[in-house]
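J.: Handing over entry-v5.cif, mmCIF, C-alpha atoms.
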```
data_target
#
loop_
_atom_site.label_atom_id
_atom_site.label_comp_id
_atom_site.auth_asym_id
_atom_site.auth_seq_id
_atom_site.Cartn_x
_atom_site.Cartn_y
_atom_site.Cartn_z
CA MET A 1 20.26 -6.79 30.04
CA ARG A 2 20.77 -7.86 26.49
CA GLN A 3 18.48 -10.80 27.04
CA GLU A 4 15.86 -8.51 28.51
CA ALA A 5 16.00 -6.20 25.51
CA THR A 6 15.62 -9.11 23.15
CA ARG A 7 12.72 -10.49 25.10
CA ARG A 8 10.89 -7.20 25.08
CA GLY A 9 11.38 -7.00 21.36
CA VAL A 10 9.94 -10.42 20.86
CA LEU A 11 6.97 -9.79 23.11
CA ALA A 12 6.22 -6.45 21.49
CA ALA A 13 6.28 -8.01 18.07
CA ALA A 14 3.96 -10.74 19.26
CA VAL A 15 1.33 -8.25 20.41
CA SER A 16 -0.10 -8.20 16.91
CA LEU A 17 -0.53 -11.95 17.13
CA PRO A 18 -2.23 -12.54 20.47
CA LEU A 19 -2.51 -16.27 20.00
CA LEU A 20 1.06 -16.82 19.01
CA ALA A 21 2.56 -19.42 21.32
CA ALA A 22 5.73 -17.50 22.11
CA GLY A 23 3.75 -14.47 23.23
CA CYS A 24 1.34 -16.44 25.37
CA LYS A 25 3.93 -18.26 27.40
CA GLY A 26 6.26 -15.29 27.76
CA VAL A 27 5.45 -14.60 31.40
CA GLY A 28 6.25 -18.11 32.47
CA ALA A 29 9.51 -18.25 30.59
CA LEU A 30 11.42 -15.35 32.11
CA GLY A 31 14.68 -17.19 32.50
CA ASN A 32 14.53 -18.77 29.10
CA PRO A 33 13.59 -16.23 26.42
CA PRO A 34 12.33 -17.71 23.18
CA PRO A 35 14.48 -17.18 20.10
CA PRO A 36 13.56 -14.11 18.02
CA LEU A 37 10.61 -14.77 15.76
CA PRO A 38 11.06 -14.57 12.00
CA ASP A 39 8.72 -11.58 11.84
CA VAL A 40 10.96 -9.63 14.23
CA ALA A 41 13.70 -9.95 11.64
CA VAL A 42 11.29 -8.87 8.91
CA VAL A 43 10.31 -5.76 10.86
CA ARG A 44 13.94 -4.93 11.54
CA ASP A 45 14.72 -5.28 7.82
CA ALA A 46 11.80 -3.04 6.94
CA ILE A 47 12.94 -0.47 9.53
CA ALA A 48 16.42 -0.53 8.02
CA GLY A 49 14.93 -0.05 4.57
CA GLU A 50 12.86 2.95 5.63
CA THR A 51 15.79 4.48 7.48
CA LEU A 52 17.93 4.15 4.37
CA MET A 53 15.20 5.70 2.23
CA ILE A 54 14.96 8.67 4.60
CA SER A 55 18.72 9.09 4.40
CA ARG A 56 18.50 9.10 0.62
CA TYR A 57 15.83 11.79 0.65
CA ASN A 58 17.86 13.87 3.08
CA ALA A 59 20.96 13.50 0.92
CA VAL A 60 19.04 14.51 -2.21
CA LEU A 61 17.49 17.49 -0.43
CA ALA A 62 20.94 18.61 0.67
CA ALA A 63 22.28 18.29 -2.88
CA VAL A 64 19.27 19.68 -4.74
CA PRO A 65 17.34 22.03 -2.41
CA ALA A 66 15.06 23.08 -5.27
CA LEU A 67 13.28 19.72 -4.95
CA ALA A 68 12.17 20.41 -1.38
CA GLY A 69 8.59 21.26 -2.32
CA SER A 70 7.98 18.07 -4.25
CA LEU A 71 9.98 15.68 -2.07
CA HIS A 72 8.93 16.80 1.36
CA PRO A 73 5.46 15.15 1.31
CA LEU A 74 7.05 11.87 0.27
CA LEU A 75 9.72 12.13 2.96
CA LEU A 76 7.04 12.76 5.58
CA GLN A 77 5.26 9.58 4.50
CA HIS A 78 8.47 7.59 4.87
CA ARG A 79 8.74 8.92 8.41
CA GLU A 80 5.19 7.70 9.00
CA HIS A 81 6.16 4.29 7.65
CA LEU A 82 9.16 4.19 9.95
CA ALA A 83 7.11 5.19 13.00
CA ARG A 84 4.48 2.54 12.28
CA LEU A 85 7.13 -0.13 11.84
CA ARG A 86 8.94 0.90 15.01
CA ALA A 87 5.70 0.69 16.94
CA ARG A 88 5.74 -3.01 16.09
CA LEU A 89 9.14 -3.48 17.58
CA VAL A 90 9.47 -1.86 20.98
CA ASP A 91 13.10 -2.71 21.32
CA ALA A 92 15.91 -0.81 22.99
CA ARG A 93 17.89 -0.87 19.79
CA ALA A 94 15.06 0.04 17.44
CA SER A 95 13.26 2.73 19.41
CA SER A 96 14.68 6.15 20.09
CA PRO A 97 13.84 9.10 22.30
CA PRO A 98 11.72 11.91 20.83
CA GLY A 99 13.81 14.24 18.74
CA HIS A 100 16.04 11.45 17.51
CA GLN A 101 13.83 10.05 14.81
CA VAL A 102 16.65 8.52 12.83
CA THR A 103 19.13 6.75 15.06
CA ALA A 104 21.62 4.83 12.98
CA SER A 105 21.43 6.98 9.87
CA PRO A 106 23.13 5.05 7.11
CA ALA A 107 25.57 7.03 5.03
CA VAL A 108 24.48 7.69 1.49
CA ALA A 109 27.68 8.01 -0.45
CA HIS A 110 26.69 9.95 -3.51
CA VAL A 111 23.47 11.30 -4.96
CA PRO A 112 22.94 12.95 -8.35
CA GLY A 113 23.19 16.73 -8.39
CA THR A 114 20.58 17.60 -10.99
CA PRO A 115 16.82 17.59 -10.32
CA ALA A 116 15.94 15.10 -13.05
CA ALA A 117 18.69 12.67 -12.12
CA ALA A 118 17.92 13.01 -8.42
CA ARG A 119 14.26 12.22 -9.01
CA ALA A 120 15.21 9.21 -11.11
CA TYR A 121 17.56 8.04 -8.36
CA LEU A 122 14.78 8.21 -5.77
CA ARG A 123 12.26 6.66 -8.17
CA HIS A 124 14.42 3.60 -8.64
CA ALA A 125 15.04 3.37 -4.90
CA GLU A 126 11.28 3.49 -4.25
CA GLN A 127 10.61 0.78 -6.81
CA ALA A 128 13.27 -1.46 -5.31
CA ALA A 129 11.97 -0.86 -1.78
CA ALA A 130 8.41 -1.71 -2.80
CA ALA A 131 9.55 -4.91 -4.50
CA ALA A 132 11.63 -5.91 -1.47
CA LEU A 133 8.63 -5.52 0.85
CA LEU A 134 6.42 -7.60 -1.43
CA GLY A 135 9.04 -10.31 -1.28
CA LYS A 136 8.59 -10.60 2.49
CA LEU A 137 4.81 -10.89 2.53
CA THR A 138 4.22 -14.58 2.50
CA ALA A 139 6.03 -15.61 5.68
CA THR A 140 4.66 -12.95 8.01
CA PRO A 141 1.64 -12.78 10.32
CA PRO A 142 -1.50 -11.33 8.69
CA SER A 143 -1.48 -7.85 10.20
CA LEU A 144 2.22 -7.37 9.53
CA ALA A 145 1.72 -8.57 5.94
CA GLN A 146 -1.01 -5.96 5.54
CA LEU A 147 1.24 -3.20 6.87
CA LEU A 148 4.10 -4.23 4.58
CA ALA A 149 1.77 -4.45 1.57
CA SER A 150 0.37 -1.01 2.33
CA ILE A 151 3.81 0.53 2.68
CA ALA A 152 4.89 -1.18 -0.55
CA ALA A 153 1.87 0.32 -2.33
CA SER A 154 2.71 3.74 -0.91
CA GLU A 155 6.27 3.46 -2.18
CA ALA A 156 5.03 2.38 -5.60
CA THR A 157 2.92 5.55 -5.75
CA HIS A 158 5.98 7.58 -4.76
CA ALA A 159 7.76 6.10 -7.76
CA LEU A 160 4.81 7.10 -9.94
CA LEU A 161 4.88 10.66 -8.63
CA LEU A 162 8.64 10.84 -9.18
CA GLY A 163 8.21 9.86 -12.82
CA PRO A 164 9.50 12.07 -15.61
CA GLY A 165 6.01 13.17 -16.61
CA ARG A 166 5.29 14.51 -13.16
CA GLN A 167 7.69 17.34 -12.63
CA THR A 168 5.25 19.11 -10.31
CA VAL A 169 4.58 16.38 -7.77
CA MET B 170 -17.74 -25.36 6.79
CA SER B 171 -19.48 -24.28 3.63
CA ALA B 172 -17.41 -22.65 0.90
CA SER B 173 -19.12 -19.30 1.43
CA ALA B 174 -17.89 -19.21 5.02
CA THR B 175 -14.16 -19.59 4.38
CA PRO B 176 -11.98 -16.55 5.02
CA ALA B 177 -10.70 -16.68 1.44
CA VAL B 178 -14.18 -16.60 -0.05
CA ARG B 179 -15.29 -13.82 2.30
CA ALA B 180 -12.29 -11.68 1.39
CA LEU B 181 -12.72 -12.34 -2.34
CA GLN B 182 -16.41 -11.47 -2.11
CA ALA B 183 -15.56 -8.18 -0.37
CA ALA B 184 -13.10 -7.36 -3.14
CA LEU B 185 -15.69 -8.30 -5.77
CA ASP B 186 -18.24 -6.06 -4.06
CA ALA B 187 -15.78 -3.15 -4.21
CA GLU B 188 -15.07 -3.85 -7.88
CA HIS B 189 -18.81 -3.86 -8.67
CA ALA B 190 -19.09 -0.46 -7.00
CA ALA B 191 -16.03 0.82 -8.89
CA VAL B 192 -17.41 -0.33 -12.25
CA TYR B 193 -20.66 1.48 -11.47
CA GLY B 194 -18.90 4.55 -10.09
CA TYR B 195 -16.56 4.97 -13.02
CA GLY B 196 -19.64 5.29 -15.23
CA ALA B 197 -20.51 8.46 -13.31
CA VAL B 198 -16.87 9.58 -13.31
CA GLY B 199 -16.37 9.25 -17.05
CA ALA B 200 -19.53 11.18 -17.84
CA HIS B 201 -18.03 14.35 -16.36
CA LEU B 202 -14.51 14.18 -17.76
CA THR B 203 -12.98 15.12 -21.08
CA GLY B 204 -9.72 14.57 -22.90
CA ALA B 205 -6.90 12.65 -21.21
CA ARG B 206 -8.83 12.32 -17.98
CA GLN B 207 -11.78 10.73 -19.74
CA LYS B 208 -9.47 8.34 -21.55
CA ALA B 209 -7.93 7.37 -18.23
CA ALA B 210 -11.37 6.86 -16.73
CA VAL B 211 -12.32 4.53 -19.57
CA ARG B 212 -9.04 2.63 -19.20
CA TYR B 213 -9.53 2.21 -15.48
CA TRP B 214 -13.19 1.29 -15.95
CA VAL B 215 -12.12 -1.56 -18.21
CA ALA B 216 -9.46 -2.58 -15.67
CA HIS B 217 -12.11 -2.82 -12.96
CA GLN B 218 -14.36 -4.90 -15.20
CA MET B 219 -11.49 -7.31 -15.81
CA ALA B 220 -10.71 -7.46 -12.10
CA ARG B 221 -14.38 -8.10 -11.36
CA ASP B 222 -14.47 -11.01 -13.79
CA THR B 223 -11.24 -12.43 -12.39
CA LEU B 224 -12.57 -12.31 -8.83
CA ALA B 225 -15.87 -13.90 -9.86
CA ALA B 226 -13.95 -16.76 -11.51
CA MET B 227 -11.79 -17.21 -8.43
CA ILE B 228 -14.86 -17.37 -6.18
CA THR B 229 -16.56 -19.84 -8.47
CA ALA B 230 -13.43 -21.99 -8.49
CA LEU B 231 -13.67 -22.13 -4.70
CA GLY B 232 -17.20 -23.50 -4.97
CA ALA B 233 -19.07 -20.35 -3.96
CA GLN B 234 -21.52 -18.07 -5.72
CA PRO B 235 -20.00 -14.67 -6.59
CA VAL B 236 -21.92 -11.72 -5.17
CA ALA B 237 -23.97 -9.92 -7.79
CA ALA B 238 -23.75 -6.22 -8.52
CA ALA B 239 -26.49 -4.01 -7.17
CA ALA B 240 -28.77 -2.40 -9.74
CA ALA B 241 -27.55 0.99 -8.57
CA TYR B 242 -25.16 2.37 -5.97
CA GLN B 243 -25.59 5.44 -3.84
CA LEU B 244 -22.76 7.81 -4.68
CA PRO B 245 -21.12 9.25 -1.57
CA PHE B 246 -21.65 12.79 -2.84
CA PRO B 247 -23.28 14.39 -5.89
CA VAL B 248 -21.14 14.24 -9.02
CA HIS B 249 -22.02 17.09 -11.34
CA ASP B 250 -18.64 18.39 -12.42
CA GLU B 251 -15.08 17.42 -13.19
CA GLN B 252 -13.71 18.07 -9.73
CA ALA B 253 -16.31 15.86 -8.06
CA ALA B 254 -15.74 13.19 -10.70
CA VAL B 255 -12.00 13.06 -9.97
CA MET B 256 -12.71 13.03 -6.23
CA LEU B 257 -15.09 10.10 -6.69
CA ALA B 258 -12.58 8.19 -8.81
CA ALA B 259 -9.93 8.55 -6.09
CA LEU B 260 -12.41 7.42 -3.45
CA LEU B 261 -13.47 4.38 -5.47
CA GLU B 262 -9.83 3.37 -5.77
CA ASP B 263 -9.26 3.88 -2.04
CA ARG B 264 -12.14 1.53 -1.29
CA VAL B 265 -10.97 -1.06 -3.78
CA ALA B 266 -7.51 -0.86 -2.22
CA ALA B 267 -8.95 -1.44 1.25
CA ALA B 268 -10.92 -4.46 0.01
CA TYR B 269 -7.85 -6.04 -1.57
CA LEU B 270 -5.91 -5.55 1.64
CA GLY B 271 -8.28 -8.12 3.15
CA LEU B 272 -6.78 -10.71 0.83
CA VAL B 273 -3.29 -9.93 2.16
CA ALA B 274 -4.38 -11.22 5.59
CA LEU B 275 -5.16 -14.69 4.23
CA SER B 276 -2.86 -17.63 4.82
CA ASP B 277 -2.79 -18.66 1.16
CA ALA B 278 0.42 -17.19 -0.25
CA ARG B 279 -0.93 -16.83 -3.78
CA LEU B 280 -3.99 -14.93 -2.62
CA ARG B 281 -1.78 -12.72 -0.47
CA MET B 282 0.39 -11.74 -3.39
CA PHE B 283 -2.63 -11.32 -5.65
CA GLY B 284 -4.19 -8.99 -3.08
CA ALA B 285 -0.96 -7.04 -2.58
CA ARG B 286 -0.52 -6.49 -6.32
CA ALA B 287 -4.14 -5.45 -6.79
CA LEU B 288 -3.83 -3.11 -3.80
CA GLN B 289 -0.80 -1.55 -5.48
CA SER B 290 -2.64 -1.08 -8.76
CA ALA B 291 -5.55 0.62 -7.00
CA ALA B 292 -3.18 2.84 -5.01
CA LEU B 293 -1.42 3.86 -8.23
CA ARG B 294 -4.70 4.79 -9.87
CA ALA B 295 -5.80 6.72 -6.78
CA ALA B 296 -2.49 8.60 -6.73
CA SER B 297 -2.76 9.38 -10.42
CA TRP B 298 -6.19 10.96 -9.82
CA ARG B 299 -5.13 12.78 -6.72
CA GLY B 300 -1.66 13.80 -7.78
CA GLN B 301 -0.66 12.81 -4.27
CA SER B 302 0.28 9.63 -2.48
CA LEU B 303 -1.01 8.18 0.77
CA ALA B 304 1.21 6.87 3.55
CA PHE B 305 -0.92 3.76 4.07
CA PRO B 306 -3.08 2.91 1.04
CA GLY B 307 -5.78 0.42 1.91
CA LEU B 308 -5.17 0.66 5.64
CA GLU B 309 -6.52 4.18 5.86
CA VAL B 310 -9.23 5.43 3.54
CA PRO B 311 -9.15 9.24 3.70
CA ALA B 312 -12.34 11.25 3.65
CA PRO B 313 -13.13 12.54 0.17
CA GLY B 314 -11.55 15.91 -0.39
CA PRO B 315 -10.76 18.28 -3.21
CA VAL B 316 -7.92 17.23 -5.45
CA PRO B 317 -5.27 19.70 -6.59
CA ALA B 318 -6.13 21.57 -9.75
CA GLY B 319 -4.60 20.02 -12.81
CA SER B 320 -4.06 16.63 -11.22
CA GLY B 321 -5.31 13.49 -12.81
CA PRO B 322 -3.82 10.83 -14.99
CA ALA B 323 -2.35 12.87 -17.80
CA SER B 324 0.33 10.51 -18.97
CA PRO B 325 -0.61 7.26 -20.68
CA THR B 326 1.53 5.30 -18.27
CA ALA B 327 -0.04 6.76 -15.15
CA GLY B 328 -1.84 4.27 -13.04
CA GLY B 329 0.63 1.51 -13.58
CA GLY B 330 -1.74 -1.00 -15.07
CA SER B 331 -4.59 -2.91 -13.57
CA PRO B 332 -5.12 -5.79 -11.22
CA THR B 333 -3.74 -8.71 -13.08
CA PRO B 334 -6.50 -10.49 -14.97
CA THR B 335 -4.87 -13.86 -14.48
CA GLY B 336 -5.44 -14.64 -10.85
CA PRO B 337 -4.71 -17.80 -8.92
CA ALA B 338 -8.12 -19.17 -9.91
CA GLY B 339 -6.74 -20.64 -13.09
CA GLY B 340 -3.58 -22.04 -11.56
#
```
Could you show the structure in this file as structure tokens?
T.:
Amino acid sequence: MRQEATRRGVLAAAVSLPLLAAGCKGVGALGNPPPPLPDVAVVRDAIAGETLMISRYNAVLAAVPALAGSLHPLLLQHREHLARLRARLVDARASSPPGHQVTASPAVAHVPGTPAAARAYLRHAEQAAAAALLGKLTATPPSLAQLLASIAASEATHALLLGPGRQTV
Amino acid sequence: MSASATPAVRALQAALDAEHAAVYGYGAVGAHLTGARQKAAVRYWVAHQMARDTLAAMITALGAQPVAAAAAYQLPFPVHDEQAAVMLAALLEDRVAAAYLGLVALSDARLRMFGARALQSAALRAASWRGQSLAFPGLEVPAPGPVPAGSGPASPTAGGGSPTPTGPAGG
């Protein structure tokens, strides 16, 4: 069962790379699943990053409800990022039934309680997330690299919009 | 295979084509803006000129002939006022972002990173015009639409810089 789940994950991730050897010979290798591809790990990392970011937004919104208007559009885009990443990894552990968008929601210990500090906290998190994605670009298949670069650019614009000169995002 | 047929050259030429269009388009944008917005338009116009020159040098270094700018470009909609000018600026940046995303699909790691950084710069400029972000800059180019009143690059730091003028061509 565990092997089957892993295999499905690998095959799903290989869909974006039709010519990849592991994907092509999958049918003939049922009893001997190939080891997870490096890009499966990259997608899982990116999913974990987006899930953490969503948790941070939720924690900030709980602590500073006045920011809801400005943060909600950004939170929605993180959910879009997460959905697009999950679509690349149809895996029993990564996917979730409708209505359970965030499965393993990481705990966010403490978030600032004032609007300005909360925005700065999220801005720094966005900048770090964008930089982390850029760091994974070079060893991934082309279409995954494009998705990661696009998400990184989106997160960089979030950081811009969370800047101190942009109180009305 | 001739140099003009390599994936790298094709992607660089597409980016150069988008930069030519942006340089032209920002001329129309700047003519309808005033104050901080006009200053931003001039700053971004210069950034696109630098990016254009960088791309041309990179293409030349790969042994190909850089595509030339057209004498004129058809604007996607009439630009007669400030709102249309800001809308056009955002659209130009969206298209530049999409062109640079083509570089991210290349196997050359330096070109990938160059494309990703230039994509980010274009996305930042687009967001500064729009006052809003996109979920997937470069992957999805939204239809031109009205931008919120009062948006636009008001702060001198908005836009986050330009595509780096020192590309892999020199290295």
J.: Counting only C-alpha atoms, what is within 8 Å of A:Pro141, bar same-chain residues fewer than 3 positions away, as a PyMOL selection string?
T.: (chain A and resi 17+39+144-145) or (chain B and resi 274)
J.: So which one's closest to B:Gly232, B:Leu293, B:Ala177, B:Gly314, B:Asp186? Using all atoms listed in the file, please.
T.: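 Closest to B:Gly232 of all the choices is B:Ala177.
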J.: Run the PyMOL selection byres ((chain A) within 6 of (chain B)) on the file and write out the hits as a list in words.
T.: Gln77, Thr138, Pro142, Gln146, Ala149, Ser150, Ile151, Ala153, Ser154 and Thr157 of chain A
J.: Let me see the file: selected residues, C-alpha atoms, as a compact mmCIF listing (two decimals), in the coordinates of the input.
T.:
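Result written to out37.txt:
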```
# COMPACT_ATOMS: atom_id res chain seq x y z
CA GLN A 77 5.26 9.58 4.50
CA THR A 138 4.22 -14.58 2.50
CA PRO A 142 -1.50 -11.33 8.69
CA GLN A 146 -1.01 -5.96 5.54
CA ALA A 149 1.77 -4.45 1.57
CA SER A 150 0.37 -1.01 2.33
CA ILE A 151 3.81 0.53 2.68
CA ALA A 153 1.87 0.32 -2.33
CA SER A 154 2.71 3.74 -0.91
CA THR A 157 2.92 5.55 -5.75
```
J.: What separation in Å, quoted to one decimal, exists between atom CA of A:Ala156 and atom CA of A:Ala129?
T.: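 Spanning atom CA of A:Ala156 to atom CA of A:Ala129 is a straight-line distance of 8.6 Å.
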J.: Could you pull the residues within 7 Å of B:Val211, counting all atoms listed in the file, minus those fewer than 4 positions along the same chain, as a list of chain:residue names?
T.: B:Gly199, B:Gln207, B:Val215
J.: Counting all atoms listed in the file, which residue out of A:Gly49, A:Pro164, A:Pro106, A:Pro65 sits closest to A:His78?
T.: A:Gly49
J.: Could you write out as JSON the box around stretch 74-90 of chain A (axis-aligned, all atoms listed in the file, 6 Å on each side), with centre and edge lengths in Å to one decimal?
T.:
```
{"center_x": 7.1, "center_y": 4.6, "center_z": 10.6, "size_x": 17.2, "size_y": 28.2, "size_z": 32.7}
```
J.: Find the distance between atom CA of B:Ala238 and atom CA of B:Ala259 and write it in Å to one decimal.
T.: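 Spanning atom CA of B:Ala238 to atom CA of B:Ala259 is a straight-line distance of 20.4 Å.
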J.: Could you spell out the hits of the PyMOL selection byres ((chain B and resi 253) around 12) on the shown file, as an NGL selection string?
T.: :B and (194-195 or 197-202 or 244-252 or 254-260 or 298-299 or 313-318)
J.: Find, counting only C-alpha atoms, the residue in A:Ala117, A:Ala87, A:Ala139, A:Ala62 that gets nearest to A:Pro38.
T.: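 With only C-alpha atoms as the atom set, the closest residue is A:Ala139.
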J.: I'd like the interatomic distance between atom CA of B:Ala312 and atom CA of A:Ala83, to a tenth of an Å.
T.: 22.4 Å
J.: For the file shown, what are the residues hit by the PyMOL selection byres ((chain B and resi 190) around 9), laid out as JSON, numbers by chain?
T.: {"B": [185, 186, 187, 188, 189, 191, 192, 193, 194, 195, 238, 239, 241, 242, 261, 265]}
